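In what follows, a single structure is set out as structure tokens and then discussed.
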2 protein chains.
Amino acid sequence: MKILLVFAHPEPESLAASLRDVAIRELEAAGHEVKVSDLYAMRWRSEVDRSDFPLLAANDRLRVAQASGEAFEAQSLTEDVKAEQEKLLWADTLILQFPLWWYSMPAILKGWVDRVYAYGFAYGVGEHSDKHWGDRFGEGTFAGKRAMLIVTTGGWEEHYSPRGINGPIDDLLFPINHGILYYPGYDVLPSFVTYRVDKLDARGFKEISFALRERMRSLETVEPIPYRSQNAGDYFIPSLHLRPELEDPNTSGFRLHLRSEPREAAVERRRA
Amino acid sequence: MKILLVFAHPEPESLAASLRDVAIRELEAAGHEVKVSDLYAMRWRSEVDRSDFPLLAANDRLRVAQASGEAFEAQSLTEDVKAEQEKLLWADTLILQFPLWWYSMPAILKGWVDRVYAYGFAYGVGEHSDKHWGDRFGEGTFAGKRAMLIVTTGGWEEHYSPRGINGPIDDLLFPINHGILYYPGYDVLPSFVTYRVDKLDARGFKEISFALRERMRSLETVEPIPYRSQNAGDYFIPSLHLRPELEDPNTSGFRLHLRSEPREAAVERRRA
């Protein structure tokens with residue numbers, strides 16, 4: 001496998017950096033090729049602005065999606081962005097690793113997404129018709145590739161549980177997993193989340209490392225989150241409403257966008 | 001009222017900027033005082049790193065929460081951060097305005113949160129005991145103040161509806177409304193969201209402006225989102241699990257963290 005790990009933590013001696021190195025060693029030991037985009041070390045620029053689009057005339061109004069599409073088409077995006085796009089095309093697996101800051105990714109990683117995910121590359125891909133609403137949510141540039149998050153947080157696991165005050169971790173990560181990874185086509189693997197990292201002792205670190213190495217070994221085989229494909233019949237087009245016969249029509253929320261499967265199929269899958 | 005509007009769009013001629021100006025004019029016409037933090041115009045730096053903590057010795061490992069708390073205590077945070085903290089303390093109402101990029105805020109605004117929300121200021125406030133788990137989620141530095149989001153998006157409203165493919169807009173904004181605004185104590189007002197902004201014609205802009213002015217007029221009176229207070233008895237401490245007698249114990253998700261009220265009370269409230 002070819003793996004791109006995008007890393008977003010400012011401290012080279014952090015626990016996050018140690019976990020990153022554990023993951024890399026495990027992957028390389030298994031013969032995989034790993035590239036790392038260490039955003040702080042690269043001094044990544046986070047803000048989308050006019051300087052992203054060198055061909056935009058000084059007196060032209062910046063319309064971000066349009067400028068992004070034109071620059072991508074003309075291959076005139078900045079070199080730092082093009083280099084990341086090349087890595088994404090090269091890799092068959094993408095890992096985003098970050099500390100959870102204010103219930104989301106640090107600004108520097110959001111800025112990587114905002115700048116690298118150009119129109120025509122990660123969105124604005126494919127035709128729109130009454131059967132097909134663009135290549136996204138299950139199709140797109142990264143279809144057939146896999147992606148996952150490695151997340152560290154200072155908070156308690158209980159506080160991120162189904163009835164915990166922060167909200168369930170899977171729901172907090174849904175805008176990233178579904179909206180940033182699944183959108184351009186990745187199969188999204190369950191996230192690897194470590195809690196209370198500031199309190200982790202040597203034994204705790206050993207346990208987490210063991211679990212992380214195990215997750216790295218199963219990158220190719222673990223079952224992806226069963227998000228529903230946009231254009232395969234589950235949604236009306238163009239409203240993109242989930243059909244009422246799928247899931248209780250009185251329910252709403254992120255969970256609707258995961259296929260629920262018959263119990264037998266689930267059991268069979270787990271056995272396999 | 002004293003209002004701080006934090007604005008995050010790179011184009012001064014954007015529709016977002018026009019809406020910002022509509023809001024400001026309406027507020028000033030009503031006699032309120034408005035300060036604007038226009039992050040792109042200020043060339044705001046988005047990345048939390050060592051330069052945020054000038055007192056940190058060069059060979060000390062950066063532990064972000066700890067360094068943030070020490071710097072806040074010693075009043076040694078950088079001037080740009082201190083200026084924003086002053087504005088937050090000055091304002092009784094905070095408005096964050098941004099385009100929805102990849103289902104969240106642009107990096108530059110996330111970087112404003114990451115850097116300005118210091119430990120001891122926006123988190124790490126108050127005592128921890130078996131009755132009280134810090135001043136947060138309903139208490140904290142900004143208790144008694146109000147906050148809201150003004151969001152523009154290119155997407156269709158249907159796609160953000162309860163069964164739309166993106167997920168419900170209120171759930172997508174929950175990590176911001178609950179996790180960034182309610183956490184340090186703000187009463188959070190319903191968000192003002194504009195869809196398909198790239199297709200908006202003059203008549204559409206007039207309608208949106210009318211609705212936005214109306215929302216600005218009701219800033220002091222509109223009912224906040226009824227998030228549950230952390231320390232008022234709804235949650236066990238320290239697990240911070242919602243008590244099973246509140247909401248169906250088989251349900252989970254963000255919605256649990258809003259008080260459900262008896263129908264009569266709701267009707268009465270709407271009449272008032």
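Letters A, B, ... go to the chains of the structure tokens in the order shown; residues in each chain start at 1; ligands are counted from 1 in the same order.
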Within 8 Å of stretch 256-260 of chain B: each stretch 149-253 of chain A residue with its shortest pair, only C-alpha atoms, as a Markdown table:
| residue | atom | partner | partner_atom | distance |
| --- | --- | --- | --- | --- |
| A:Arg163 | CA | B:Leu256 | CA | 7.4 |
| A:Ile165 | CA | B:His257 | CA | 7.0 |
| A:Gly167 | CA | B:His257 | CA | 7.9 |
Could you write out that same residue set with N, CA and C atoms as a PDB file, in the first residue's frame?
ATOM      1  N   ARG A 163     -24.510   9.136  25.331  1.00  0.00           N
ATOM      2  CA  ARG A 163     -25.272  10.099  26.130  1.00  0.00           C
ATOM      3  C   ARG A 163     -24.364  11.084  26.874  1.00  0.00           C
ATOM      4  N   ILE A 165     -21.984  14.469  27.487  1.00  0.00           N
ATOM      5  CA  ILE A 165     -22.347  15.875  27.267  1.00  0.00           C
ATOM      6  C   ILE A 165     -21.752  16.477  26.003  1.00  0.00           C
ATOM      7  N   GLY A 167     -21.571  15.125  23.176  1.00  0.00           N
ATOM      8  CA  GLY A 167     -22.129  14.504  21.985  1.00  0.00           C
ATOM      9  C   GLY A 167     -21.273  13.300  21.630  1.00  0.00           C
TER      10      GLY A 167
END
Select, as an MDAnalysis selection string, those residues of chain B with any atom no more than 8 Å from chain A (distances computed using only C-alpha atoms). chainID B and resid 10:11 13:14 46:50 61:63 101:104 106:111 113:114 158:159 161:168 171:172 175:176 179:180 230 235 239:242 252:254 256:257
Kindly export the residues of the current selection with C-alpha atoms, as a PDB file, in the first residue's frame.
ATOM      1  CA  PRO B  10     -11.471  36.650   1.944  1.00  0.00           C
ATOM      2  CA  GLU B  11     -13.423  38.844  -0.491  1.00  0.00           C
ATOM      3  CA  GLU B  13     -17.008  42.433  -2.349  1.00  0.00           C
ATOM      4  CA  SER B  14     -18.571  39.083  -1.442  1.00  0.00           C
ATOM      5  CA  SER B  46      -4.430  30.768  12.229  1.00  0.00           C
ATOM      6  CA  GLU B  47      -1.930  28.322  13.691  1.00  0.00           C
ATOM      7  CA  VAL B  48      -1.433  27.741  17.407  1.00  0.00           C
ATOM      8  CA  ASP B  49       2.295  27.224  17.858  1.00  0.00           C
ATOM      9  CA  ARG B  50       5.173  28.133  20.177  1.00  0.00           C
ATOM     10  CA  ARG B  61       8.035  20.739  25.270  1.00  0.00           C
ATOM     11  CA  LEU B  62       4.893  22.556  24.130  1.00  0.00           C
ATOM     12  CA  ARG B  63       1.846  21.234  25.956  1.00  0.00           C
ATOM     13  CA  TRP B 101     -16.513  25.358   3.843  1.00  0.00           C
ATOM     14  CA  TRP B 102     -16.404  21.581   4.048  1.00  0.00           C
ATOM     15  CA  TYR B 103     -19.237  21.530   6.575  1.00  0.00           C
ATOM     16  CA  SER B 104     -17.447  23.777   9.064  1.00  0.00           C
ATOM     17  CA  PRO B 106     -12.907  28.379   7.326  1.00  0.00           C
ATOM     18  CA  ALA B 107      -9.471  27.688   8.821  1.00  0.00           C
ATOM     19  CA  ILE B 108      -8.893  31.354   9.655  1.00  0.00           C
ATOM     20  CA  LEU B 109     -11.915  31.414  11.970  1.00  0.00           C
ATOM     21  CA  LYS B 110     -11.028  28.068  13.525  1.00  0.00           C
ATOM     22  CA  GLY B 111      -7.612  29.582  14.167  1.00  0.00           C
ATOM     23  CA  VAL B 113     -11.026  30.101  18.215  1.00  0.00           C
ATOM     24  CA  ASP B 114      -7.933  27.931  18.724  1.00  0.00           C
ATOM     25  CA  GLU B 158     -33.028  20.594   1.050  1.00  0.00           C
ATOM     26  CA  HIS B 159     -29.621  18.922   1.253  1.00  0.00           C
ATOM     27  CA  SER B 161     -32.774  19.292   5.920  1.00  0.00           C
ATOM     28  CA  PRO B 162     -33.547  16.588   8.510  1.00  0.00           C
ATOM     29  CA  ARG B 163     -33.271  13.801   5.911  1.00  0.00           C
ATOM     30  CA  GLY B 164     -30.936  15.563   3.470  1.00  0.00           C
ATOM     31  CA  ILE B 165     -27.658  13.933   2.479  1.00  0.00           C
ATOM     32  CA  ASN B 166     -25.374  16.491   4.165  1.00  0.00           C
ATOM     33  CA  GLY B 167     -26.999  15.931   7.525  1.00  0.00           C
ATOM     34  CA  PRO B 168     -29.273  18.455   9.247  1.00  0.00           C
ATOM     35  CA  ASP B 171     -26.446  18.980  13.720  1.00  0.00           C
ATOM     36  CA  LEU B 172     -23.577  20.135  11.490  1.00  0.00           C
ATOM     37  CA  PRO B 175     -20.002  21.288  17.428  1.00  0.00           C
ATOM     38  CA  ILE B 176     -19.761  25.070  16.997  1.00  0.00           C
ATOM     39  CA  GLY B 179     -18.943  23.104  21.711  1.00  0.00           C
ATOM     40  CA  ILE B 180     -17.537  26.569  20.976  1.00  0.00           C
ATOM     41  CA  GLN B 230     -23.976  20.829  32.815  1.00  0.00           C
ATOM     42  CA  TYR B 235     -25.976  15.000  34.025  1.00  0.00           C
ATOM     43  CA  SER B 239     -19.306  10.774  33.783  1.00  0.00           C
ATOM     44  CA  LEU B 240     -21.360  13.667  32.373  1.00  0.00           C
ATOM     45  CA  HIS B 241     -23.895  11.165  31.072  1.00  0.00           C
ATOM     46  CA  LEU B 242     -27.400  12.461  30.668  1.00  0.00           C
ATOM     47  CA  SER B 252     -28.415   9.166  21.506  1.00  0.00           C
ATOM     48  CA  GLY B 253     -27.150  12.088  19.472  1.00  0.00           C
ATOM     49  CA  PHE B 254     -26.902  15.836  19.782  1.00  0.00           C
ATOM     50  CA  LEU B 256     -30.423  14.864  23.823  1.00  0.00           C
ATOM     51  CA  HIS B 257     -28.597  17.960  24.970  1.00  0.00           C
TER      52      HIS B 257
END
Expected answer as a VMD selection string: alpha helix (DSSP H) residues in stretch 104-134 of chain B: chain B and resid 107 to 116
Only N, CA and C atoms, please: the residues just picked out, written as a PDB file, in the first residue's frame.
ATOM      1  N   ALA B 107     -10.620  27.848   7.923  1.00  0.00           N
ATOM      2  CA  ALA B 107      -9.471  27.688   8.821  1.00  0.00           C
ATOM      3  C   ALA B 107      -9.180  28.963   9.612  1.00  0.00           C
ATOM      4  N   ILE B 108      -9.297  30.114   8.977  1.00  0.00           N
ATOM      5  CA  ILE B 108      -8.893  31.354   9.655  1.00  0.00           C
ATOM      6  C   ILE B 108      -9.767  31.608  10.885  1.00  0.00           C
ATOM      7  N   LEU B 109     -11.033  31.226  10.813  1.00  0.00           N
ATOM      8  CA  LEU B 109     -11.915  31.414  11.970  1.00  0.00           C
ATOM      9  C   LEU B 109     -11.648  30.339  13.023  1.00  0.00           C
ATOM     10  N   LYS B 110     -11.394  29.107  12.563  1.00  0.00           N
ATOM     11  CA  LYS B 110     -11.028  28.068  13.525  1.00  0.00           C
ATOM     12  C   LYS B 110      -9.759  28.486  14.259  1.00  0.00           C
ATOM     13  N   GLY B 111      -8.847  29.118  13.548  1.00  0.00           N
ATOM     14  CA  GLY B 111      -7.612  29.582  14.167  1.00  0.00           C
ATOM     15  C   GLY B 111      -7.842  30.720  15.148  1.00  0.00           C
ATOM     16  N   TRP B 112      -8.873  31.489  14.911  1.00  0.00           N
ATOM     17  CA  TRP B 112      -9.245  32.530  15.885  1.00  0.00           C
ATOM     18  C   TRP B 112      -9.715  31.853  17.167  1.00  0.00           C
ATOM     19  N   VAL B 113     -10.556  30.839  17.033  1.00  0.00           N
ATOM     20  CA  VAL B 113     -11.026  30.101  18.215  1.00  0.00           C
ATOM     21  C   VAL B 113      -9.835  29.433  18.906  1.00  0.00           C
ATOM     22  N   ASP B 114      -9.047  28.682  18.141  1.00  0.00           N
ATOM     23  CA  ASP B 114      -7.933  27.931  18.724  1.00  0.00           C
ATOM     24  C   ASP B 114      -6.994  28.843  19.516  1.00  0.00           C
ATOM     25  N   ARG B 115      -6.756  30.050  19.014  1.00  0.00           N
ATOM     26  CA  ARG B 115      -5.763  30.932  19.641  1.00  0.00           C
ATOM     27  C   ARG B 115      -6.360  31.828  20.724  1.00  0.00           C
ATOM     28  N   VAL B 116      -7.571  32.323  20.509  1.00  0.00           N
ATOM     29  CA  VAL B 116      -8.157  33.294  21.455  1.00  0.00           C
ATOM     30  C   VAL B 116      -8.766  32.597  22.682  1.00  0.00           C
TER      31      VAL B 116
END
Just list the residues in stretch 3-224 of chain B DSSP gives strand (DSSP E) on the backbone, as a PDB file with N, CA and C atoms, in the first residue's frame.
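Once everything was written out, this is states-v7.pdb:
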ATOM      1  N   ILE B   3     -21.801  44.793  20.476  1.00  0.00           N
ATOM      2  CA  ILE B   3     -21.756  43.588  19.649  1.00  0.00           C
ATOM      3  C   ILE B   3     -20.391  43.433  19.002  1.00  0.00           C
ATOM      4  N   LEU B   4     -19.827  42.248  19.114  1.00  0.00           N
ATOM      5  CA  LEU B   4     -18.608  41.911  18.368  1.00  0.00           C
ATOM      6  C   LEU B   4     -18.988  40.974  17.234  1.00  0.00           C
ATOM      7  N   LEU B   5     -18.668  41.376  16.010  1.00  0.00           N
ATOM      8  CA  LEU B   5     -18.924  40.530  14.847  1.00  0.00           C
ATOM      9  C   LEU B   5     -17.574  40.058  14.305  1.00  0.00           C
ATOM     10  N   VAL B   6     -17.339  38.771  14.350  1.00  0.00           N
ATOM     11  CA  VAL B   6     -16.099  38.202  13.818  1.00  0.00           C
ATOM     12  C   VAL B   6     -16.411  37.672  12.428  1.00  0.00           C
ATOM     13  N   PHE B   7     -15.704  38.202  11.445  1.00  0.00           N
ATOM     14  CA  PHE B   7     -16.040  37.972  10.041  1.00  0.00           C
ATOM     15  C   PHE B   7     -14.892  37.246   9.342  1.00  0.00           C
ATOM     16  N   GLU B  33     -23.636  49.516  19.703  1.00  0.00           N
ATOM     17  CA  GLU B  33     -22.238  49.731  19.362  1.00  0.00           C
ATOM     18  C   GLU B  33     -21.700  48.427  18.760  1.00  0.00           C
ATOM     19  N   VAL B  34     -21.026  48.502  17.623  1.00  0.00           N
ATOM     20  CA  VAL B  34     -20.561  47.299  16.932  1.00  0.00           C
ATOM     21  C   VAL B  34     -19.057  47.381  16.696  1.00  0.00           C
ATOM     22  N   LYS B  35     -18.339  46.337  17.099  1.00  0.00           N
ATOM     23  CA  LYS B  35     -16.936  46.190  16.689  1.00  0.00           C
ATOM     24  C   LYS B  35     -16.852  44.998  15.744  1.00  0.00           C
ATOM     25  N   VAL B  36     -15.991  45.110  14.737  1.00  0.00           N
ATOM     26  CA  VAL B  36     -15.845  44.029  13.766  1.00  0.00           C
ATOM     27  C   VAL B  36     -14.406  43.533  13.790  1.00  0.00           C
ATOM     28  N   SER B  37     -14.238  42.219  13.907  1.00  0.00           N
ATOM     29  CA  SER B  37     -12.928  41.613  13.680  1.00  0.00           C
ATOM     30  C   SER B  37     -12.987  40.956  12.308  1.00  0.00           C
ATOM     31  N   ASP B  38     -12.454  41.638  11.311  1.00  0.00           N
ATOM     32  CA  ASP B  38     -12.464  41.124   9.940  1.00  0.00           C
ATOM     33  C   ASP B  38     -11.145  40.350   9.770  1.00  0.00           C
ATOM     34  N   THR B  93     -22.765  40.657  23.122  1.00  0.00           N
ATOM     35  CA  THR B  93     -23.258  39.742  22.092  1.00  0.00           C
ATOM     36  C   THR B  93     -22.146  39.470  21.084  1.00  0.00           C
ATOM     37  N   LEU B  94     -21.971  38.213  20.753  1.00  0.00           N
ATOM     38  CA  LEU B  94     -20.948  37.799  19.788  1.00  0.00           C
ATOM     39  C   LEU B  94     -21.626  37.198  18.554  1.00  0.00           C
ATOM     40  N   ILE B  95     -21.213  37.658  17.389  1.00  0.00           N
ATOM     41  CA  ILE B  95     -21.693  37.052  16.143  1.00  0.00           C
ATOM     42  C   ILE B  95     -20.480  36.525  15.383  1.00  0.00           C
ATOM     43  N   LEU B  96     -20.521  35.255  15.018  1.00  0.00           N
ATOM     44  CA  LEU B  96     -19.496  34.698  14.130  1.00  0.00           C
ATOM     45  C   LEU B  96     -20.123  34.565  12.748  1.00  0.00           C
ATOM     46  N   GLN B  97     -19.521  35.192  11.753  1.00  0.00           N
ATOM     47  CA  GLN B  97     -20.069  35.093  10.397  1.00  0.00           C
ATOM     48  C   GLN B  97     -19.048  34.452   9.472  1.00  0.00           C
ATOM     49  N   PHE B  98     -19.476  33.433   8.757  1.00  0.00           N
ATOM     50  CA  PHE B  98     -18.542  32.717   7.886  1.00  0.00           C
ATOM     51  C   PHE B  98     -19.273  31.939   6.807  1.00  0.00           C
ATOM     52  N   PRO B  99     -18.582  31.664   5.692  1.00  0.00           N
ATOM     53  CA  PRO B  99     -19.105  30.729   4.703  1.00  0.00           C
ATOM     54  C   PRO B  99     -18.842  29.306   5.188  1.00  0.00           C
ATOM     55  N   ARG B 146     -24.838  36.671  24.876  1.00  0.00           N
ATOM     56  CA  ARG B 146     -25.500  35.929  23.800  1.00  0.00           C
ATOM     57  C   ARG B 146     -24.566  35.790  22.603  1.00  0.00           C
ATOM     58  N   ALA B 147     -24.766  34.741  21.833  1.00  0.00           N
ATOM     59  CA  ALA B 147     -23.937  34.538  20.642  1.00  0.00           C
ATOM     60  C   ALA B 147     -24.749  33.856  19.563  1.00  0.00           C
ATOM     61  N   MET B 148     -24.377  34.087  18.320  1.00  0.00           N
ATOM     62  CA  MET B 148     -25.047  33.406  17.209  1.00  0.00           C
ATOM     63  C   MET B 148     -24.141  33.357  15.989  1.00  0.00           C
ATOM     64  N   LEU B 149     -24.513  32.465  15.064  1.00  0.00           N
ATOM     65  CA  LEU B 149     -23.787  32.300  13.810  1.00  0.00           C
ATOM     66  C   LEU B 149     -24.585  32.902  12.653  1.00  0.00           C
ATOM     67  N   ILE B 150     -23.875  33.548  11.733  1.00  0.00           N
ATOM     68  CA  ILE B 150     -24.445  33.907  10.434  1.00  0.00           C
ATOM     69  C   ILE B 150     -23.636  33.122   9.404  1.00  0.00           C
ATOM     70  N   VAL B 151     -24.313  32.222   8.690  1.00  0.00           N
ATOM     71  CA  VAL B 151     -23.624  31.270   7.831  1.00  0.00           C
ATOM     72  C   VAL B 151     -24.140  31.395   6.403  1.00  0.00           C
ATOM     73  N   THR B 152     -23.219  31.429   5.452  1.00  0.00           N
ATOM     74  CA  THR B 152     -23.608  31.395   4.043  1.00  0.00           C
ATOM     75  C   THR B 152     -23.089  30.111   3.425  1.00  0.00           C
ATOM     76  N   ASP B 187     -25.309  32.140  25.910  1.00  0.00           N
ATOM     77  CA  ASP B 187     -26.620  31.695  25.450  1.00  0.00           C
ATOM     78  C   ASP B 187     -26.578  31.738  23.929  1.00  0.00           C
ATOM     79  N   VAL B 188     -26.900  30.622  23.282  1.00  0.00           N
ATOM     80  CA  VAL B 188     -26.718  30.507  21.843  1.00  0.00           C
ATOM     81  C   VAL B 188     -28.053  30.703  21.129  1.00  0.00           C
ATOM     82  N   PHE B 192     -28.435  31.959  11.682  1.00  0.00           N
ATOM     83  CA  PHE B 192     -29.043  32.545  10.480  1.00  0.00           C
ATOM     84  C   PHE B 192     -28.274  31.984   9.284  1.00  0.00           C
ATOM     85  N   VAL B 193     -28.921  31.101   8.526  1.00  0.00           N
ATOM     86  CA  VAL B 193     -28.226  30.396   7.444  1.00  0.00           C
ATOM     87  C   VAL B 193     -28.834  30.784   6.102  1.00  0.00           C
ATOM     88  N   THR B 194     -27.989  31.153   5.158  1.00  0.00           N
ATOM     89  CA  THR B 194     -28.421  31.467   3.792  1.00  0.00           C
ATOM     90  C   THR B 194     -27.862  30.415   2.837  1.00  0.00           C
TER      91      THR B 194
END
Within 7 Å of A:Thr141, counting only C-alpha atoms, which residues qualify if same-chain residues fewer than 3 places away don't, as a VMD selection string? chain A and resid 121 to 122 184 to 185
Shell around A:Thr78 at 8 Å using only C-alpha atoms, local window under 4 positions removed, as a list in words: Asp52, Phe53, Pro54 and Lys82 of chain A
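Each of B:Gln85, B:Gln75, B:Ser18, B:Asn231 was checked against B:Ser129 using only C-alpha atoms; the smallest atom-to-atom distance is that of B:Asn231.
Counting from atom CA of A:Met42, the distance to atom CA of B:Ser51 is 15.8 Å.
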